[in-house]
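Chemist: Contents of query_27.tsv (TSV, C-alpha atoms) are given next:
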chain	number	residue	atom	x	y	z
A	46	MET	CA	137.46	158.00	59.88
A	47	ALA	CA	139.70	157.75	56.85
A	48	ALA	CA	141.35	160.85	55.46
A	49	ASN	CA	140.20	162.22	52.14
A	50	THR	CA	142.64	164.53	50.41
A	51	LYS	CA	140.93	164.77	47.06
A	52	THR	CA	139.85	168.17	45.82
A	53	SER	CA	136.67	168.24	43.77
A	54	ARG	CA	134.84	170.88	41.81
A	55	LYS	CA	131.42	171.32	43.35
A	56	ALA	CA	128.65	173.89	43.55
A	57	ALA	CA	129.46	176.08	46.55
A	58	ARG	CA	125.80	176.92	46.98
A	59	TYR	CA	125.53	173.77	49.13
A	60	ALA	CA	126.99	175.67	52.03
A	61	VAL	CA	125.80	176.30	55.56
A	62	PRO	CA	122.16	175.11	55.65
A	63	VAL	CA	123.06	171.95	53.76
A	64	ALA	CA	126.13	171.28	55.90
A	65	VAL	CA	124.10	171.50	59.10
A	66	ALA	CA	120.98	169.73	57.87
A	67	GLY	CA	122.96	167.16	55.93
A	68	VAL	CA	125.20	166.10	58.79
A	69	ALA	CA	122.22	166.14	61.14
A	70	ALA	CA	120.14	164.03	58.82
A	71	ALA	CA	122.98	161.58	58.31
A	72	THR	CA	123.42	161.34	62.07
A	73	VAL	CA	119.70	160.94	62.64
A	74	ALA	CA	119.71	158.05	60.17
A	75	MET	CA	121.28	156.02	63.00
A	76	VAL	CA	118.04	154.22	63.68
A	77	PRO	CA	117.09	153.40	67.18
A	78	ALA	CA	116.52	153.25	72.48
A	79	PHE	CA	116.87	153.89	76.02
A	80	ALA	CA	118.80	151.74	78.50
A	81	ASN	CA	117.28	150.55	81.71
A	82	ALA	CA	119.12	151.24	84.95
A	83	GLY	CA	121.82	148.69	85.73
A	84	GLY	CA	123.57	146.47	83.22
A	85	PRO	CA	123.27	142.67	82.98
A	86	ASP	CA	126.14	140.34	83.86
A	87	LEU	CA	127.48	139.16	80.50
A	88	PRO	CA	130.60	137.21	79.43
A	89	LYS	CA	133.57	139.47	78.79
A	90	VAL	CA	134.29	140.33	75.16
A	91	THR	CA	136.97	142.38	73.46
A	92	ALA	CA	136.23	145.27	71.12
A	93	GLN	CA	137.42	143.16	68.19
A	94	GLN	CA	135.08	140.32	69.14
A	95	LEU	CA	132.16	142.72	69.45
A	96	ILE	CA	132.92	144.30	66.07
A	97	GLU	CA	133.04	140.82	64.52
A	98	LYS	CA	129.70	140.01	66.15
A	99	VAL	CA	128.10	143.08	64.56
A	100	ALA	CA	129.64	142.28	61.17
A	101	ALA	CA	128.48	138.66	61.30
A	102	SER	CA	124.89	139.52	62.22
A	103	ASP	CA	122.53	138.51	59.41
A	104	THR	CA	119.27	139.53	61.08
A	105	GLN	CA	117.08	141.14	58.40
A	106	GLN	CA	113.63	140.85	59.96
A	107	LEU	CA	112.37	142.94	62.84
A	108	SER	CA	109.57	145.18	64.03
A	109	GLY	CA	109.19	147.46	66.98
A	110	SER	CA	108.99	150.94	68.43
A	111	ALA	CA	111.76	153.44	68.80
A	112	ARG	CA	112.44	156.95	70.04
A	113	ILE	CA	114.94	159.47	68.78
A	114	THR	CA	115.95	162.68	70.52
A	115	THR	CA	118.20	165.18	68.76
A	116	ASP	CA	119.62	168.28	70.43
A	117	LEU	CA	121.91	170.03	67.96
A	118	GLY	CA	121.59	173.41	69.64
A	119	LEU	CA	120.52	175.02	66.39
A	120	PRO	CA	119.74	178.75	66.21
A	121	SER	CA	116.01	179.43	66.21
A	122	LEU	CA	116.04	180.46	62.55
A	123	ALA	CA	117.79	177.26	61.50
A	124	THR	CA	115.34	175.25	63.59
A	125	GLY	CA	112.54	176.93	61.67
A	126	LEU	CA	114.16	175.98	58.37
A	127	LEU	CA	114.13	172.35	59.51
A	128	GLY	CA	110.43	172.57	60.20
A	129	GLY	CA	110.41	172.67	63.99
A	130	ALA	CA	109.69	169.65	66.13
A	131	GLY	CA	106.71	168.31	64.15
A	132	VAL	CA	107.03	166.21	61.01
A	133	THR	CA	103.41	166.10	59.88
A	134	GLY	CA	101.63	168.61	57.74
A	135	GLY	CA	102.65	170.05	54.39
A	136	SER	CA	104.54	168.04	51.75
A	137	ALA	CA	104.66	164.24	51.84
A	138	ASN	CA	108.14	164.36	50.27
A	139	PRO	CA	110.36	161.88	52.23
A	140	GLU	CA	113.41	164.15	51.98
A	141	ASP	CA	111.58	166.99	53.75
A	142	LYS	CA	110.34	164.72	56.54
A	143	ILE	CA	113.69	163.06	57.22
A	144	ALA	CA	115.35	166.47	57.54
A	145	GLN	CA	112.79	167.43	60.18
A	146	LEU	CA	113.86	164.49	62.34
A	147	ALA	CA	117.04	166.48	63.02
A	148	ASN	CA	115.27	168.40	65.76
A	149	GLY	CA	113.41	167.45	68.94
A	150	THR	CA	112.04	164.11	70.12
A	151	HIS	CA	110.14	161.71	67.88
A	152	THR	CA	108.43	158.37	68.41
A	153	LEU	CA	108.75	155.83	65.60
A	154	ARG	CA	107.36	152.47	64.56
A	155	VAL	CA	109.68	150.43	62.36
A	156	ALA	CA	109.49	147.16	60.42
A	157	ALA	CA	111.88	145.42	58.05
A	158	ASP	CA	111.83	142.22	56.03
A	159	GLY	CA	115.05	142.05	54.07
A	160	PRO	CA	116.47	144.70	51.72
A	161	ASP	CA	113.28	145.09	49.68
A	162	ARG	CA	110.72	145.80	52.39
A	163	GLN	CA	110.92	148.44	55.11
A	164	LYS	CA	108.42	150.67	56.85
A	165	LEU	CA	108.93	153.69	59.08
A	166	THR	CA	106.08	155.57	60.77
A	167	VAL	CA	106.72	158.82	62.63
A	168	LEU	CA	104.09	159.57	65.27
A	169	ASP	CA	103.28	163.20	66.03
A	170	GLY	CA	100.35	163.25	68.45
A	171	LYS	CA	97.32	161.97	66.59
A	172	ASP	CA	99.04	162.54	63.26
A	173	GLU	CA	101.44	160.20	61.45
A	174	TYR	CA	103.94	160.27	58.63
A	175	THR	CA	104.52	156.88	56.98
A	176	LEU	CA	107.34	155.87	54.65
A	177	VAL	CA	107.06	152.46	52.94
A	178	HIS	CA	109.46	150.64	50.61
A	179	ASN	CA	108.10	147.48	49.01
A	180	GLY	CA	110.03	146.20	45.99
A	181	ASN	CA	109.88	148.85	43.28
A	182	ASP	CA	107.35	150.97	45.17
A	183	VAL	CA	108.17	153.82	47.52
A	184	TRP	CA	105.33	155.58	49.34
A	185	GLY	CA	105.33	158.56	51.66
A	186	TYR	CA	102.06	159.59	53.34
A	187	ASP	CA	101.26	162.53	55.65
A	188	SER	CA	97.99	161.96	57.50
A	189	LYS	CA	97.64	165.58	58.60
A	190	SER	CA	97.67	167.04	55.10
A	191	ASN	CA	96.26	163.85	53.50
A	192	GLU	CA	99.03	164.00	50.91
A	193	ALA	CA	100.98	161.08	49.47
A	194	PHE	CA	104.18	160.71	47.47
A	195	HIS	CA	104.66	157.68	45.21
A	196	ASP	CA	107.68	156.52	43.24
A	197	LYS	CA	107.50	153.34	41.17
A	198	SER	CA	110.49	152.48	39.00
A	199	ASP	CA	112.79	149.61	38.16
A	200	ARG	CA	115.75	151.65	39.37
A	201	ALA	CA	114.16	152.11	42.79
A	202	GLY	CA	113.84	148.37	43.17
A	203	GLN	CA	117.09	147.30	41.53
A	204	ASP	CA	119.42	149.86	43.10
A	205	HIS	CA	120.62	147.98	46.17
A	206	LYS	CA	121.26	151.29	47.93
A	207	THR	CA	117.60	152.26	47.89
A	208	GLY	CA	116.75	150.31	51.01
A	209	ASP	CA	119.80	151.72	52.77
A	210	ARG	CA	118.72	155.30	52.15
A	211	LEU	CA	115.06	154.70	52.83
A	212	ALA	CA	115.31	153.00	56.20
A	213	ALA	CA	118.92	152.34	57.11
A	214	SER	CA	119.06	149.46	59.56
A	215	PRO	CA	121.07	149.71	62.79
A	216	GLN	CA	123.35	146.97	61.41
A	217	GLN	CA	124.17	148.98	58.29
A	218	VAL	CA	124.74	152.16	60.24
A	219	ALA	CA	127.00	150.53	62.82
A	220	GLN	CA	129.03	148.71	60.17
A	221	GLU	CA	129.49	151.98	58.28
A	222	ILE	CA	130.67	153.73	61.45
A	223	LEU	CA	133.13	150.94	62.22
A	224	LYS	CA	134.40	150.81	58.64
A	225	ASN	CA	135.22	154.51	58.74
A	226	ALA	CA	136.64	154.57	62.26
A	227	GLY	CA	140.26	154.27	61.14
A	228	PRO	CA	143.44	154.91	63.14
A	229	THR	CA	142.17	158.20	64.61
A	230	THR	CA	139.57	156.34	66.71
A	231	ASP	CA	139.92	154.54	70.03
A	232	ILE	CA	137.46	151.60	70.19
A	233	SER	CA	136.61	149.87	73.48
A	234	VAL	CA	133.82	147.97	75.24
A	235	GLY	CA	131.86	149.95	77.81
A	236	ASP	CA	129.32	148.94	80.45
A	237	THR	CA	126.60	146.45	79.61
A	238	ALA	CA	123.01	147.66	79.26
A	239	GLN	CA	119.49	146.42	78.77
A	240	ILE	CA	117.74	147.91	75.74
A	241	ALA	CA	114.05	147.23	75.14
A	242	GLY	CA	114.32	144.14	77.34
A	243	ARG	CA	117.40	142.81	75.50
A	244	ASP	CA	120.83	142.30	77.07
A	245	ALA	CA	123.43	144.36	75.27
A	246	TYR	CA	127.11	145.18	75.16
A	247	GLN	CA	128.18	148.75	74.45
A	248	LEU	CA	130.83	149.54	71.89
A	249	VAL	CA	132.45	152.93	72.54
A	250	LEU	CA	134.22	154.96	69.84
A	251	LYS	CA	136.25	158.00	70.92
A	252	PRO	CA	138.33	160.42	68.86
A	253	LYS	CA	142.06	160.22	69.57
A	254	GLN	CA	142.43	163.75	68.21
A	255	SER	CA	141.56	166.98	69.97
A	256	GLY	CA	139.30	169.57	68.44
A	257	SER	CA	136.25	167.42	67.65
A	258	THR	CA	132.77	168.32	68.91
A	259	VAL	CA	132.16	164.58	69.30
A	260	GLY	CA	133.08	163.12	72.68
A	261	SER	CA	132.13	159.57	71.79
A	262	VAL	CA	129.76	157.38	69.82
A	263	GLN	CA	128.21	154.56	71.85
A	264	ILE	CA	126.58	151.63	70.07
A	265	ALA	CA	124.54	149.15	72.14
A	266	VAL	CA	124.77	145.70	70.54
A	267	ASP	CA	122.36	142.83	71.19
A	268	ALA	CA	124.32	140.20	73.14
A	269	LYS	CA	122.63	137.30	71.31
A	270	ASN	CA	122.35	138.28	67.66
A	271	GLY	CA	124.72	141.23	67.28
A	272	VAL	CA	122.05	143.71	66.14
A	273	PRO	CA	122.78	147.31	67.20
A	274	LEU	CA	119.86	148.45	69.36
A	275	ARG	CA	120.86	151.99	70.23
A	276	VAL	CA	123.22	154.70	69.03
A	277	GLN	CA	124.19	157.68	71.18
A	278	LEU	CA	126.28	160.61	69.98
A	279	LEU	CA	127.82	162.41	72.95
A	280	SER	CA	129.29	165.90	72.95
A	281	SER	CA	132.90	166.60	73.87
A	282	GLN	CA	131.50	169.44	76.00
A	283	GLY	CA	129.37	167.08	78.09
A	284	GLY	CA	125.66	167.48	78.82
A	285	LYS	CA	122.86	165.39	77.37
A	286	PRO	CA	123.49	163.43	74.16
A	287	ILE	CA	123.42	165.23	70.85
A	288	VAL	CA	121.57	162.22	69.48
A	289	ASP	CA	119.96	159.43	71.53
A	290	ALA	CA	118.22	156.97	69.24
A	291	GLY	CA	117.11	153.47	70.05
A	292	PHE	CA	114.47	150.81	70.30
A	293	THR	CA	112.01	150.87	73.16
A	294	GLN	CA	110.41	147.59	71.99
A	295	ILE	CA	111.68	145.06	69.43
A	296	ASP	CA	110.63	141.72	67.95
A	297	PHE	CA	112.91	139.75	65.63
A	298	GLY	CA	110.06	137.71	64.11
A	299	LYS	CA	108.99	138.09	60.49
A	300	PRO	CA	106.56	141.02	60.09
A	301	ALA	CA	103.22	140.33	58.44
A	302	ALA	CA	103.34	140.74	54.66
A	303	ASP	CA	100.57	143.35	54.73
A	304	SER	CA	102.80	145.55	56.91
A	305	PHE	CA	104.42	146.76	53.68
A	306	THR	CA	101.24	147.18	51.65
A	307	PHE	CA	100.09	150.75	51.16
A	308	THR	CA	97.09	152.24	49.41
A	309	ALA	CA	96.54	155.99	49.41
A	310	PRO	CA	93.39	156.90	51.39
A	311	LYS	CA	90.38	158.17	49.50
A	312	GLY	CA	90.68	161.85	48.69
A	313	ALA	CA	94.43	161.98	49.26
A	314	LYS	CA	96.47	164.15	46.94
A	315	VAL	CA	99.05	161.84	45.32
A	316	THR	CA	102.24	163.12	43.75
A	317	GLU	CA	103.86	160.69	41.31
A	318	GLY	CA	107.47	160.80	40.24
A	319	SER	CA	111.09	160.02	40.99
A	320	HIS	CA	112.14	161.27	44.38
A	321	PRO	CA	115.52	163.06	44.14
A	322	GLY	CA	116.74	161.88	47.51
A	323	LEU	CA	116.22	158.23	46.49
A	324	ALA	CA	117.68	158.62	43.02
A	325	GLY	CA	120.54	156.43	41.87
A	326	LYS	CA	124.17	157.30	41.44
A	327	ASP	CA	123.47	159.17	38.18
A	328	ALA	CA	121.36	161.79	39.93
A	329	LYS	CA	122.76	165.30	39.75
A	330	ASP	CA	123.88	167.13	42.86
A	331	ASP	CA	121.36	169.86	42.03
A	332	GLU	CA	118.57	167.30	42.39
A	333	ARG	CA	119.72	165.95	45.73
A	334	PHE	CA	120.46	169.05	47.75
A	335	LYS	CA	118.81	172.35	48.51
A	336	ALA	CA	120.94	175.14	47.11
A	337	LEU	CA	122.25	177.95	49.27
A	338	GLU	CA	120.92	180.41	46.72
A	339	SER	CA	117.41	179.21	47.58
A	340	LEU	CA	117.76	181.39	50.70
A	341	PRO	CA	116.69	184.91	49.71
A	342	GLY	CA	119.62	187.24	49.21
A	343	PHE	CA	122.33	184.58	49.09
A	344	GLY	CA	122.36	183.87	45.35
A	345	GLY	CA	125.33	186.15	44.68
A	346	LEU	CA	127.34	184.80	47.60
A	347	ALA	CA	126.89	181.27	46.29
A	348	GLY	CA	128.00	182.22	42.81
A	349	GLY	CA	124.57	182.71	41.34
A	350	GLU	CA	122.36	180.18	39.64
A	351	HIS	CA	125.25	178.63	37.70
A	352	GLY	CA	128.03	179.41	40.16
A	353	LYS	CA	130.55	176.71	40.97
A	354	GLY	CA	133.40	176.54	43.37
A	355	ASP	CA	136.06	174.30	44.81
A	356	VAL	CA	135.42	171.97	47.73
A	357	LYS	CA	138.58	170.78	49.47
A	358	VAL	CA	138.83	168.41	52.43
A	359	LEU	CA	141.31	169.59	55.07
A	360	GLY	CA	142.71	167.44	57.85
A	361	GLU	CA	141.73	163.88	58.65
A	362	GLY	CA	139.63	161.75	60.94
A	363	TRP	CA	137.48	163.49	63.51
A	364	SER	CA	139.13	166.84	62.75
A	365	THR	CA	138.19	166.88	59.07
A	366	VAL	CA	136.97	170.21	57.73
A	367	ALA	CA	135.51	170.95	54.30
A	368	ARG	CA	136.46	174.25	52.67
A	369	ILE	CA	134.05	175.59	50.08
A	370	ASP	CA	135.29	178.38	47.83
A	371	SER	CA	132.42	179.87	45.87
A	372	GLY	CA	134.57	182.00	43.60
A	373	ALA	CA	131.59	184.35	43.49
A	374	GLY	CA	133.52	187.51	44.33
A	375	LYS	CA	130.83	188.50	46.81
A	376	SER	CA	131.31	188.65	50.57
A	377	LEU	CA	129.09	188.55	53.62
A	378	LYS	CA	129.55	192.29	53.94
A	379	ASP	CA	128.21	192.72	50.42
A	380	VAL	CA	125.12	190.70	51.29
A	381	GLU	CA	124.62	192.46	54.62
A	382	ASN	CA	125.04	195.99	53.23
A	383	ASP	CA	123.02	195.48	50.06
A	384	LYS	CA	119.77	197.39	50.42
A	385	ASN	CA	118.09	194.75	48.28
A	386	THR	CA	118.99	191.94	50.67
A	387	PRO	CA	115.72	190.53	52.07
A	388	LYS	CA	114.97	190.70	55.79
A	389	GLU	CA	115.19	186.90	56.09
A	390	ALA	CA	118.80	186.91	54.87
A	391	LYS	CA	119.82	189.59	57.35
A	392	GLN	CA	118.08	187.69	60.16
A	393	PHE	CA	120.12	184.63	59.20
A	394	LEU	CA	123.34	186.66	59.34
A	395	ASN	CA	122.39	188.04	62.74
A	396	SER	CA	121.93	184.47	64.03
A	397	LEU	CA	125.53	183.65	63.24
A	398	GLY	CA	127.07	184.91	66.46
A	399	ASP	CA	130.13	187.09	66.92
A	400	LYS	CA	132.69	187.86	64.28
A	401	VAL	CA	136.02	186.04	64.41
A	402	HIS	CA	139.43	187.09	63.15
A	403	GLY	CA	142.52	185.19	62.06
A	404	LYS	CA	145.10	184.84	59.34
A	405	PHE	CA	142.22	184.00	57.02
A	406	GLY	CA	140.74	187.48	57.58
A	407	GLU	CA	137.31	188.04	59.13
A	408	GLY	CA	134.21	185.91	59.27
A	409	ARG	CA	131.27	184.68	61.29
A	410	ILE	CA	130.53	181.29	62.77
A	411	LEU	CA	127.26	179.36	62.66
A	412	SER	CA	127.53	177.19	65.75
A	413	THR	CA	125.70	174.02	66.80
A	414	ARG	CA	126.60	171.30	69.31
A	415	LEU	CA	127.74	169.05	66.46
A	416	VAL	CA	128.65	171.07	63.38
A	417	ASN	CA	130.31	174.47	63.19
A	418	ALA	CA	130.60	176.53	60.02
A	419	LEU	CA	132.84	179.55	59.45
A	420	ILE	CA	131.74	181.92	56.70
A	421	THR	CA	134.56	184.28	55.80
A	422	ASP	CA	134.12	187.75	54.42
A	423	ASP	CA	135.85	186.72	51.20
A	424	GLY	CA	133.16	184.14	50.41
A	425	LYS	CA	134.74	180.91	51.70
A	426	VAL	CA	132.98	178.45	53.99
A	427	TYR	CA	134.74	176.05	56.40
A	428	VAL	CA	132.49	173.41	57.93
A	429	GLY	CA	133.02	170.33	60.11
A	430	ALA	CA	132.18	168.51	63.34
A	431	VAL	CA	134.93	170.45	65.09
A	432	THR	CA	135.06	173.16	67.75
A	433	LYS	CA	135.08	176.83	66.82
A	434	ASP	CA	138.75	177.13	67.84
A	435	GLN	CA	139.68	174.15	65.67
A	436	LEU	CA	137.73	175.63	62.76
A	437	VAL	CA	139.61	178.94	62.99
A	438	LYS	CA	142.91	177.06	63.35
A	439	THR	CA	142.17	175.05	60.20
A	440	ALA	CA	141.17	178.16	58.26
A	441	ASP	CA	144.40	179.87	59.32
A	442	SER	CA	146.57	176.94	58.27
A	443	ALA	CA	144.81	176.69	54.91
A	444	LYS	CA	145.93	180.17	53.85
So that I can check it, write out the structure of this file as structure tokens.
Modeler:
Amino acid sequence: MAANTKTSRKAARYAVPVAVAGVAAATVAMVPAFANAGGPDLPKVTAQQLIEKVAASDTQQLSGSARITTDLGLPSLATGLLGGAGVTGGSANPEDKIAQLANGTHTLRVAADGPDRQKLTVLDGKDEYTLVHNGNDVWGYDSKSNEAFHDKSDRAGQDHKTGDRLAASPQQVAQEILKNAGPTTDISVGDTAQIAGRDAYQLVLKPKQSGSTVGSVQIAVDAKNGVPLRVQLLSSQGGKPIVDAGFTQIDFGKPAADSFTFTAPKGAKVTEGSHPGLAGKDAKDDERFKALESLPGFGGLAGGEHGKGDVKVLGEGWSTVARIDSGAGKSLKDVENDKNTPKEAKQFLNSLGDKVHGKFGEGRILSTRLVNALITDDGKVYVGAVTKDQLVKTADSAK
């Protein structure tokens, strides 16, 4: 992971909930599998050869089934904010549904035919949520609520990043991981595996630095065509994977053209418009992220409706931490002691665990298995995929 030392002026209201949900959603975007016991006997390859195989893969057509299990160890309140384990019911907004994949186990059906046609269906019992990209059309449909979201625009079709955001392929995800690995990462070839009936090598990425919550990232790569079939994110503390996502069945044939045709069912409520999460590079930050001040009682801490603050990246590689300085002049104590602070805000504060002390002063830590966030009493937020000790150490050194 390359270092980023630039300091940018950003809205500090994108603090803890966004940091957790955002990193989780980005991690969950590592589309899809489970390995069978025992690995096949394959010719030996080096890590460099396997990376080149992934990069050279030009497979753009596939269909199949996948399963994704995410165990971030979120506090119960944060889990509620992500919508629990289910992804059906309520809004058909794709951004809301993708965020809900950051919790629990989900079964998926996927199909892709080049950069302009992808389909993802999330199965939740008898209910389904379907996301379809076909040229300039983007559809999201929730069968439980019978609600649909539709976006039709030239920008949606012409922006080459649209397909990436809508249904990022395993190839794109793996190539992005490898591109950002950098000198702080040890890359090797692990045991072979069989994923969805396909022989696969396993590329293993491990942090060279201490202090990361990530133990390793393991990418299972199809031995024949170089397509990544599974991505596992393992914790440095051991235990079951933080994320285990992969194909359970896959076919590299061309999907039927009608796979990407969608018509809203009769009686469905259809919402038309540009979806913020799929907007192009000119979209404003306010349109793409949920603000911290949207949580009752936190508006002042985030600097109010128009509050802005500095975001600075500290450290490098797997130990990178973002520091957000709201400049609001309001502390956690102010929020906690304010008689007008809603019950929900105080419940959120109580879910943050014990107070911590250091050269930075005092604060509280929101802890998950992947991302930790330190909220200091002077209104700063430190967040990263690092351990609590590393987070405090970084906050101390930043003073």
Chemist: With distances taken over all atoms listed in the file, which of A:Glu407, A:Glu317, A:Asp355, A:Asp103 is nearest to Asp182 (chain A)?
Modeler: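 Looking only at the distances to Asp182 (chain A), the closest residue turns out to be A:Glu317.
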Chemist: Measuring between only C-alpha atoms, which one of A:Val90, A:Leu436, A:Ala241, A:Ala101 shows the shortest distance to Asn270 (chain A)?
Modeler: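 So, comparing all the options, the nearest one is A:Ala101.
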Chemist: Would you please work out which residue, of A:Gly109, A:Pro139, A:Gly271, A:Gly362, is nearest to Gly298 (chain A) when using only C-alpha atoms?
Modeler: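 For Gly298 (chain A), the nearest of the candidates is A:Gly109.
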Chemist: CA of Gly84 (chain A) and CA of Ile295 (chain A), how far apart in Å?
Modeler: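 Here the two named atoms are 18.3 Å from each other.
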Chemist: Quick one: residues within 6 Å of Val276 (chain A), all atoms listed in the file, excluding same-chain residues fewer than 3 positions away - as an mmCIF file with C-alpha atoms, in the frame of the given file?
Modeler:
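Saved to around.cif:
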data_model
loop_
_atom_site.group_PDB
_atom_site.id
_atom_site.type_symbol
_atom_site.label_atom_id
_atom_site.label_comp_id
_atom_site.auth_asym_id
_atom_site.auth_seq_id
_atom_site.Cartn_x
_atom_site.Cartn_y
_atom_site.Cartn_z
ATOM 1 C CA GLN A 263 128.210 154.560 71.850
ATOM 2 C CA ILE A 264 126.580 151.630 70.070
ATOM 3 C CA ALA A 290 118.220 156.970 69.240
#
Chemist: CA of Gln294 (chain A) and CA of Asp244 (chain A) are how many Å apart?
Modeler: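 Interatomic distance here is 12.7 Å.
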